[in-house]
Structures are given as C-alpha cells and as structure tokens.
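Colleague: Mind looking over this structure? Questions follow.
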Amino acid sequence: MDAMDRKILTELQLDGRLTITELAARVRLSVSPCHRRLRDLEREGAIRGYRALVDPAAVGLNFEALVFVTLRWENPDTVTTFETAVTAIPQVIQAQRLFGEPDYLLRVATTDLAAYQQLFDRELSRLPGVQRLASTLVMKNVIDDRPLPE
C-alpha cells in the first residue's frame, strides 16, 4: 500500500458515496487508475464494505453503556461460546476481546436506562461463562467513527 492508496482510503472514510470521478479528482489521479486502485483495495480487503452512519438518537437509541465482562474459564470452549452468544444480541454494537482484565468490552445501545436494565437482567447477565459484569454509562461521545490515521 502506497501513499496514493492511503489518500483514496482517507477520502472514502470521509465520504463513502463519492463517485469514482469525484474520488479521482480529490486524490489528483485520472479515473481509470483510481478505479483500478479502488478495486484492488476492495479485493485485498483493505476496504471491508460500505455503509451509512446512522445517528442513534434519530432512531430512538438515546442510551449507551460500556460493559466490562470478566469470564469464568471453565474450559477451552468458554470464549467461543461467549462470543457466539454476544454476537446474537443486536443491542451490542461493538465487542472487543481485551488482554488482561476485564476480558471483554461491550458497547451497548438502547432506548433508555429502563431498556438497558432489562437487557442487562435478561440477556447480558445470562451470557455463558460470565463471572462478572461492570457497566459504565456514556455521557457523551467526543470522538465517534473517526477515520483511521494515514
């Protein structure tokens, strides 16, 4: 990956709906080479896909919590079983496995505190292998969906 590929990635992270002509103009490249590079970036997996960024409040998701999860290490399948189960919960919008403790950080979006409490009691606390859950509430997102640095 060279500097031109990085410019293309930066522009697409800022606006994924650019036409190939607009993208080529922004990175100062002719259309054909720009299109070829774009297809290569997609084929090689540097670009994983395209999607719309939706404002959570616009769809009624006004509450966000970060949940720290510590697992009981019962057997080698604990991680796989937990990850499969957490993937099935649509309110978990991000899940990261961590080094050290806790084992996971989950980002959860719900309509309000009451909805989060129900989710916590009915689903999160019953995830397989969970030893401990600790939640913190998000007051404000200062940086959200920032493009990757060049």
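Residues are named by chain letter and number: chains run A, B, ... in the order of the structure tokens, numbers start at 1 in each chain, and ligands are numbered from 1 in the order shown.
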From chain A, collect each residue whose DSSP state is helix (DSSP H, G or I) and return the set as a ChimeraX atom specification.
Modeller: /A:3-14,20-27,31-43,56-59,78-87,113-122,124-126
Colleague: Select from stretch 89-111 of chain A every residue with an atom at most 7 Å from any atom of stretch 52-75 of chain A, then for each give the shortest pair of atoms and their distance in Å to one decimal, using only C-alpha atoms, rows by chain and rising number, as a tab-separated table.
Modeller:
```
residue	atom	partner	partner_atom	distance
A:Glu101	CA	A:Thr70	CA	6.8
A:Pro102	CA	A:Thr70	CA	4.9
A:Asp103	CA	A:Thr70	CA	5.0
A:Tyr104	CA	A:Val69	CA	5.0
A:Leu105	CA	A:Phe68	CA	4.8
A:Leu106	CA	A:Val67	CA	5.0
A:Arg107	CA	A:Leu66	CA	4.8
A:Val108	CA	A:Ala65	CA	5.3
A:Ala109	CA	A:Glu64	CA	4.5
A:Thr110	CA	A:Leu61	CA	5.1
A:Thr111	CA	A:Leu61	CA	4.3
```
Colleague: Extract, using only C-alpha atoms, all DNA, RNA and protein residues at most 10 Å from A:Phe82, discarding same-chain residues fewer than 2 positions from it, and format them as a PyMOL selection string.
Modeller: chain A and resi 71+77-80+84-87+127-130
Colleague: Find, counting only C-alpha atoms, the residue in A:Gly49, A:Arg28, A:Gly100, A:Ala134 that gets nearest to A:Leu12.
Modeller: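 Using only C-alpha atoms, the shortest distance to A:Leu12 belongs to A:Gly49.
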Colleague: Name the residues of stretch 106-144 of chain A that fall into strand (DSSP E or B) according to DSSP on the backbone, using the chain letters and numbers of this document, as a CSV table (one decimal) with N, CA and C atoms, in the first residue's frame.
Modeller:
```
chain,number,residue,atom,x,y,z
A,106,LEU,N,-17.9,-4.4,25.9
A,106,LEU,CA,-19.0,-4.3,25.0
A,106,LEU,C,-19.6,-2.9,25.0
A,107,ARG,N,-20.0,-2.4,23.8
A,107,ARG,CA,-20.6,-1.2,23.6
A,107,ARG,C,-22.1,-1.5,23.3
A,108,VAL,N,-23.0,-1.0,24.2
A,108,VAL,CA,-24.4,-1.4,24.1
A,108,VAL,C,-25.2,-0.1,23.9
A,109,ALA,N,-26.2,-0.2,22.9
A,109,ALA,CA,-27.1,0.9,22.7
A,109,ALA,C,-28.5,0.5,22.9
A,110,THR,N,-29.3,1.3,23.7
A,110,THR,CA,-30.7,1.0,23.9
A,110,THR,C,-31.5,2.3,23.9
A,130,VAL,N,-20.0,-16.0,32.0
A,130,VAL,CA,-19.8,-14.7,32.6
A,130,VAL,C,-19.6,-14.9,34.1
A,131,GLN,N,-18.5,-14.3,34.6
A,131,GLN,CA,-18.3,-14.3,36.0
A,131,GLN,C,-18.7,-13.0,36.6
A,132,ARG,N,-18.4,-11.9,35.9
A,132,ARG,CA,-18.6,-10.5,36.4
A,132,ARG,C,-18.9,-9.6,35.3
A,133,LEU,N,-19.9,-8.7,35.5
A,133,LEU,CA,-20.2,-7.6,34.6
A,133,LEU,C,-20.1,-6.3,35.3
A,134,ALA,N,-19.5,-5.3,34.7
A,134,ALA,CA,-19.5,-3.9,35.3
A,134,ALA,C,-19.8,-3.0,34.2
A,135,SER,N,-20.8,-2.1,34.4
A,135,SER,CA,-21.2,-1.1,33.4
A,135,SER,C,-20.8,0.3,33.8
A,136,THR,N,-20.6,1.1,32.8
A,136,THR,CA,-20.4,2.5,32.9
A,136,THR,C,-21.3,3.2,31.9
A,137,LEU,N,-21.9,4.3,32.2
A,137,LEU,CA,-22.8,4.9,31.2
A,137,LEU,C,-22.0,6.0,30.4
```
Colleague: I want to know what sits within 9 Å of stretch 31-38 of chain A, based on only C-alpha atoms, with residues of the same chain fewer than 3 positions away left out; could you give that as a ChimeraX atom specification?
Modeller: /A:4-5,8-9,20-25,27,41-43,47
Colleague: To one decimal in Å, tell me the separation between atom CA of A:Pro149 and atom CA of A:Phe99.
Modeller: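 Rounded to one decimal, the two atoms are 23.3 Å apart.
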Colleague: So, counting only C-alpha atoms, which residue among A:Asp145, A:Ala95, A:Val138, A:Pro90 is closest to A:Asp112?
Modeller: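 Comparing A:Asp145, A:Ala95, A:Val138, A:Pro90 against A:Asp112, the winner is A:Val138.
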Colleague: Between atom CA of A:Met139 and atom CA of A:Gln117, what is the spacing in Å?
Modeller: 16.8 Å
